[in-house]
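Student: Here's a structure for you.
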Amino acid sequence: MTAELLLQTLASGVLIGLIYALVAIGLTMIFGVMDVVNFAHGEFLMLGMYSSFWLFSLYALDPLLTLPLTVLMLFAFGTLLYRLVIRRIINAPMLSQIFTTFGIMILLRGVAQFLWKPDFRTIENSAVSGSVQWLGLQLGRPQLVAGVGAIAVTAAVYLFLHRTRVGAALEATAADKEAARLMGIDSNRMFSLAWGIGAACAGAAGGLLSTFFPIFPDVGATFILLAFVVVNLGGFGSVTGAFWAGILVGVIEVVGGLLLGPQYKTAIVLVLFLGVLMFRPQGLMGKA
Amino acid sequence: MKLFSKRGVAAVLAGMGIAVAAQAQQEIKIGVIYPLTGSSAAVGAELRSAVELAADIVNNGAKGIQELPFADGKGMPNLKGAKIKLVFADHQASPQVGATEAERLITQEKVVALIGAYNSPVTATASQVAERAGIPFLNAESSSASLTQRGFKWFFRTTPHDDLFVHNQFEFLKELEAKKGIKPGAIATFNENGLWGTETTKLQAKLAPEFKYNIVKQISYSSKTTQLTSEVQSLKAVNPNVVMQSSYAPDAILSMKTYKELGFSPDMVLANNAGFTDTGLIKTLGKDAEYVITREVWALDLAERNPLIKQVNDLFHSRYNINFTGNSSRAFTGFMVLADAINRAGSTQPEAIRKALTETKILGDQLIMPWKGVKFDETGQNTQGRGILVQIVDGQYHTIWPFNMASRDVIWPMPKWDQRK
Amino acid sequence: MNQTINASAGLAALAALAALALPAMADASHLNLAILVLMAAQLGVAWNIVGGYAGQISLGHAAFFGLGGYVSTLLLAKLGWSPWIGMPLGGLAAALLSLGFGWSCFRLKGHYFAMATIAAAELVQIFFTEWDYGGGAVGLYVPMDRQGWLWMNFATKQPYYWLALALLLATLAANLWIERSFLGYYLRAIKDEPDAARSVGVDIARYKQVALSISAFFTAMGGSLYAQKELYIDPGSVLGTALSIKMALVSILGGVGTLLGPVVGAVVLTSVEEFTRILFGGTGRGTDTIIYASLIIAIAVFYPSGVLGWLHSRLRRRAVPQAAVAPAPQGEAP
């Protein structure tokens, strides 16, 4: 167990953790603003990946270039989904909410398979292929760019929430829906916005991932559990919490896998999840 | 024409006669259970195409491919030209659904035999239904050795299983030493931790000492991982010369990319089919896939030595725009073996078909597989199959072992990443 | 009102008759479908004990199902014990496991509880995947050499039908007993007014645990039956989260917290699954998945009280005009 080995592992943990963070930010926002657990969140990621892929295959446009377009499309899709379906279950019993998002998850996977077949796809030779050497560490360029991208998007979301009026309205709705409504904030609009941003963040993560990760209809399943763990660790509803927790989960997963064996990576993450739920359910920075 | 005139009656009788004659050309229903949706659906589609082609050849012939049985396409000769009708079912990679579909195909569709199911757990349950119902079940692609260790009477498997495949890998290494003077060195195994990978891991641990090889580390990873960096780090840390790897497609790609990223250059990656022979691998990795050796069951360049293979592959390609793969070629072969047995049985009675299957004796030159032939032992396993080894060179799979079937010489070791063009 | 009761009794009698006559009339594949329905219903009823009555949405019940299957199969394959012993032992093992689940999860509310159960069940699945003695990822085969009632292993479908029916009835009976007992009273209180219940001194945690343990016990027995029927189990097929979801879904479809809701839900769900797969499965496009998912969404959004809830509201609408306008032969048109 050399220092170099550990450092290299830490670096890759941080990089993948940033992706987890980006996925989780959307999820935590949705939960924070409207108390709905979105089981279909991984599918926003999947759609973001496919968006990147098709723009690349059909029009030879680099994923980094098309990232803004992917984000916009996913924002629109998230908003549409809210207007069509989620809006109806805002006040429904929790069981309904769980199963609605669960049904959407299965539906989106089925539609993806229907439209694009189950074969996996990859984006090869995009603008960010190859790896770089830095401080004796070997880092994949797509992963680095993805990490930087995740930081950028997180920063943008943070600024939006804390420096704009709309963002403040969103935070207010998350803090106290009724009080916000009394102040003239339209909750329905806020929910729709939260859902759109949530989808957009996951879509951005998908776009960034598409440069180095295989794309297939069920790819959301690989990330959704980790996203939940991150949201939980960071604190449901806290964007900053999700950011730091994402990095932490990435590192724990990777280092844990190195020390205990890769087949236990998921188990380590799950134990962490249960531990946080049991002993500190509000997470690092969340509201209880 | 009055209905009861002489001519009218004659016409009616003639009509009935034609109808009766048409009945004599009966349909032979065969149930096909494959994963047509879900994660294995891409393979399922290939398998389906292969079986469709085989049935079509039996029913309608294959012009110019004389060596292939049934090539004149008049249906089953010993069953008065009866034609095959395929009934497809999707098992969605669920053992219970597979069993349910088997049940339905047997009782409702009244199939005379079943063929399937690719995924070993589904083959396990679906064939168990067939066993209970007394219907022959032909398995052409599932590799779990345990499937023929159940003492079943109605289960027949044409493909070799994991035990033999791992044997092939070690035999190759031994011959490499003996005939080319190349010593493999330290071996590490890097396998996914599902049913297939786990069985392979155990087999490798068992067989290595028998072949006098030393396994320095066995790593089991989950195929549903987001990245393989720490896994490859562990591998790098033990510095093996040879990595024996069993991966599915996404993790095969991910692992190769990670090897390159982390500068991990073993002498050889000795892969085990599945992901490394997926049609997307070379397309995705491009030059980075070069020099990988993988165990396979079939290769396109076998056609150079065996014109039958070329002809049938051309036919397949002309219809489906893809070449055969190890999976589809086995499905095709399995179906042909079943059709041969039904024909020899001369009947659609399950017991007759079963008996005919036990008496199967097909020679290698009638097959599109690199096998000695097809002959089932008392557990229902074909003992004359074998795997081959191929190496990726210039973006193609080339057969490199057995040496007498090789189309080119093996390149060993793999050039290091920074030394490749 | 009397007409509603008579209608229900009549329906029940009809159902009972059909259930008893089915094995004689149906062919193997239809009988198999009926068995699938019975097994799905049994799992739904078992889940309902804790999910519907106690209001604790568990999405990790597959852990109990799989554990039951593994315990009875291991006892059979390794020690030669009959599944008649293995089944209840599996149930007990699951009840024990549920103590662990309860301890770690019951403090949590709502979504958190559901997510914790998912995580706990996934851990159980990982354990069985890595546990060599239990077969690991390769799974376990139930030996086929011993057949007959002693070994719960049959060549025909009929005995499995009777077993599945018996298990369902037993689970229903347990559910009914709970409903009518003081336990049911406390559970309703815990579900509807937890704070009030606590203030009156009801030990919430204890009763939730009892409900969970009973639920786990019956779920595990269902797992053993599955193993004896399919003769092969592996972590993927008996411990997966998708299976947990299905157990909850069956109740939701039919009507959470009602006695027969899961039974109705099982009929609907199994029928939809089978028909969409038979009609569309062969094409491989995934159309059946889309239909299945749309159904789930439609029920969750528009009919959260499930089929039974919908039926009850319909019947109530019909009954009221009848009572108010006595001799009118027809109520409003449905």
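Each chain in the structure tokens gets a letter, A, B, ..., in the order shown, and its residues are numbered from 1; ligands are numbered from 1 in order too.
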Got a sec: who's within 9 Å of Leu176 of chain C, counting only C-alpha atoms, leaving out chain neighbours fewer than 5 positions off, as a list in words?
Tutor: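 Selected residues are Thr171, Ser181 and Leu259 of chain C.
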Student: Any chance you could export the current selection's N, CA and C atoms as a PDB file, in the first residue's frame?
Tutor:
```
ATOM      1  N   THR C 171     -51.931 -17.086   5.609  1.00  0.00           N
ATOM      2  CA  THR C 171     -51.491 -15.701   5.748  1.00  0.00           C
ATOM      3  C   THR C 171     -52.694 -14.779   5.916  1.00  0.00           C
ATOM      4  N   SER C 181     -57.673  -8.287  16.503  1.00  0.00           N
ATOM      5  CA  SER C 181     -57.145  -8.359  17.862  1.00  0.00           C
ATOM      6  C   SER C 181     -56.695  -6.988  18.342  1.00  0.00           C
ATOM      7  N   LEU C 259     -57.989  -6.421   3.641  1.00  0.00           N
ATOM      8  CA  LEU C 259     -57.660  -7.831   3.725  1.00  0.00           C
ATOM      9  C   LEU C 259     -57.452  -8.446   2.348  1.00  0.00           C
TER      10      LEU C 259
END
```
Student: Output the contact residues of chain A with respect to chain B at a cut-off of 9 Å, based on only C-alpha atoms, as a PyMOL selection string.
Tutor: chain A and resi 1-2+5+8-9+12-13+16+110+113+117-124+130-132+137-140+212-219+221-223+254-259+261-266
Student: Mind listing as an MDAnalysis selection string which residues of chain A are within 9 Å of chain C, counting only C-alpha atoms?
Tutor: chainID A and resid 36:37 85:86 88:89 92:115 117 225 228 232 263:264 266:267 270:271 273:275 277:278 281
Student: Just the number, please: distance in Å from atom CA of Ser407 of chain B to atom CA of Asp301 of chain B, one decimal.
Tutor: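 Value for the atom CA of Ser407 of chain B-atom CA of Asp301 of chain B distance: 7.1 Å.
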Student: Which of these residues is nearest to chain B, using only C-alpha atoms: C:Leu168, C:Val238, C:Val272, C:Leu311?
Tutor: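 Checking each of C:Leu168, C:Val238, C:Val272, C:Leu311 against chain B, counting only C-alpha atoms, the winner is C:Val238.
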Student: Up to 10 Å from chain B, what residues of chain C turn up? Count only C-alpha atoms and give them as a short mmCIF file (atom, residue, chain, number, x, y, z; two decimals) with C-alpha atoms, in the first residue's frame.
Tutor:
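Now in out.cif:
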```
data_model
loop_
_atom_site.label_atom_id
_atom_site.label_comp_id
_atom_site.auth_asym_id
_atom_site.auth_seq_id
_atom_site.Cartn_x
_atom_site.Cartn_y
_atom_site.Cartn_z
CA ASP C 27 -54.25 -27.25 -17.96
CA ALA C 28 -50.72 -27.09 -16.58
CA SER C 29 -49.87 -23.68 -17.94
CA HIS C 30 -53.06 -22.02 -16.71
CA LEU C 31 -52.72 -23.76 -13.41
CA ASN C 32 -49.18 -22.42 -13.26
CA LEU C 33 -50.52 -18.93 -13.78
CA LEU C 36 -48.22 -17.44 -9.63
CA THR C 129 -23.72 -13.24 -3.27
CA GLU C 130 -20.41 -13.49 -1.44
CA ASP C 132 -19.63 -19.44 -0.71
CA GLY C 135 -23.79 -21.13 -3.16
CA GLY C 136 -22.75 -17.51 -3.64
CA ALA C 137 -23.51 -15.98 -6.99
CA VAL C 138 -23.89 -19.42 -8.52
CA GLY C 139 -27.03 -20.14 -6.56
CA LEU C 140 -28.50 -23.31 -5.14
CA TYR C 141 -30.31 -26.18 -6.75
CA VAL C 142 -33.06 -28.00 -4.92
CA PRO C 143 -32.35 -31.70 -5.33
CA MET C 144 -34.81 -33.28 -7.74
CA ASP C 145 -34.22 -36.82 -6.66
CA PHE C 154 -43.82 -32.68 -7.30
CA ALA C 155 -43.84 -33.51 -10.96
CA THR C 156 -47.29 -32.05 -11.54
CA LYS C 157 -48.70 -28.65 -10.77
CA TYR C 226 -40.84 -20.59 -4.48
CA LYS C 229 -41.43 -24.94 -7.12
CA GLU C 230 -38.68 -23.48 -9.29
CA LEU C 231 -35.95 -25.77 -7.89
CA TYR C 232 -33.27 -23.10 -8.26
CA ILE C 233 -32.55 -19.93 -6.36
CA ASP C 234 -29.81 -17.34 -6.66
CA PRO C 235 -29.33 -13.93 -5.07
CA GLY C 236 -30.49 -12.11 -8.16
CA SER C 237 -33.83 -13.84 -8.41
CA VAL C 238 -34.91 -14.02 -4.75
CA GLU C 273 -47.62 -8.99 -16.81
CA GLU C 274 -48.52 -12.20 -18.54
CA ARG C 277 -45.43 -10.28 -22.28
CA ILE C 278 -47.23 -12.84 -24.39
CA LEU C 279 -48.54 -10.21 -26.75
CA PHE C 280 -45.47 -8.03 -26.99
CA GLY C 281 -42.62 -9.88 -25.39
CA GLY C 282 -41.62 -11.76 -28.46
CA THR C 283 -40.88 -8.59 -30.35
CA GLY C 284 -38.17 -7.58 -27.95
CA ARG C 285 -38.95 -3.91 -28.15
CA GLY C 286 -39.85 -3.54 -24.50
CA THR C 287 -43.48 -2.64 -25.14
CA ASP C 288 -44.63 -4.82 -22.28
CA THR C 289 -42.38 -2.93 -19.87
#
```
Student: Residues near Pro68 of chain A, anyone? I mean within 12 Å using only C-alpha atoms, not counting same-chain ones fewer than 3 positions away, as a CSV table (one decimal) with C-alpha atoms, in the first residue's frame.
Tutor:
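selection_14.csv was written with the following content:
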```
chain,number,residue,atom,x,y,z
A,48,GLY,CA,-28.6,13.2,-20.6
A,51,SER,CA,-28.8,13.3,-25.6
A,52,SER,CA,-25.0,13.8,-25.7
A,55,LEU,CA,-25.9,14.9,-30.9
A,62,ASP,CA,-18.6,17.3,-29.2
A,63,PRO,CA,-20.3,16.5,-25.9
A,64,LEU,CA,-18.7,19.4,-24.2
A,65,LEU,CA,-20.1,21.7,-26.8
A,71,VAL,CA,-29.0,20.7,-19.9
A,72,LEU,CA,-31.7,22.8,-21.5
A,73,MET,CA,-33.5,19.7,-22.9
A,74,LEU,CA,-33.4,17.9,-19.6
A,75,PHE,CA,-34.7,21.0,-17.9
A,149,GLY,CA,-17.8,20.5,-15.0
A,153,VAL,CA,-22.6,23.4,-12.4
A,200,ALA,CA,-31.0,19.5,-15.6
A,201,CYS,CA,-28.3,18.7,-13.1
A,203,GLY,CA,-28.7,15.6,-17.3
A,204,ALA,CA,-25.5,17.6,-17.0
A,205,ALA,CA,-23.9,14.8,-15.1
A,206,GLY,CA,-25.0,12.4,-17.9
A,207,GLY,CA,-23.5,14.7,-20.5
A,208,LEU,CA,-20.2,14.8,-18.7
```
Student: Could you work out how far atom CA of Asn272 of chain B lies from atom CA of Asp162 of chain B, giving the answer in Å with one decimal?
Tutor: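 About the pair atom CA of Asp162 of chain B and atom CA of Asn272 of chain B: they are 9.6 Å apart.
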Student: Please, what distance in Å, to one decimal, runs between atom CA of Asn91 of chain A and atom CA of Ala180 of chain A?
Tutor: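 If I compute the distance from atom CA of Asn91 of chain A to atom CA of Ala180 of chain A, I get 16.9 Å.
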Student: Which residues are near Leu233 of chain A? Cut-off 7 Å, only C-alpha atoms, ignore same chain within fewer than 5 positions. Put them as a PyMOL selection string.
Tutor: chain A and resi 245+276+283-284
Student: Quick one: DSSP helix (DSSP H, G or I) residues in segment 138-263 of chain A, as number ranges by chain?
Tutor: A: 141-163, 165-175, 177-182, 187-209, 220-234, 239-260, 262-263
Student: Check the smallest atom-to-atom distance from each of A:Ile151, A:Phe191, A:Asn125, A:Tyr82 to Ile30 of chain A using only C-alpha atoms, then report the winner.
Tutor: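 Checking each candidate against Ile30 of chain A, we get A:Phe191 as the closest.
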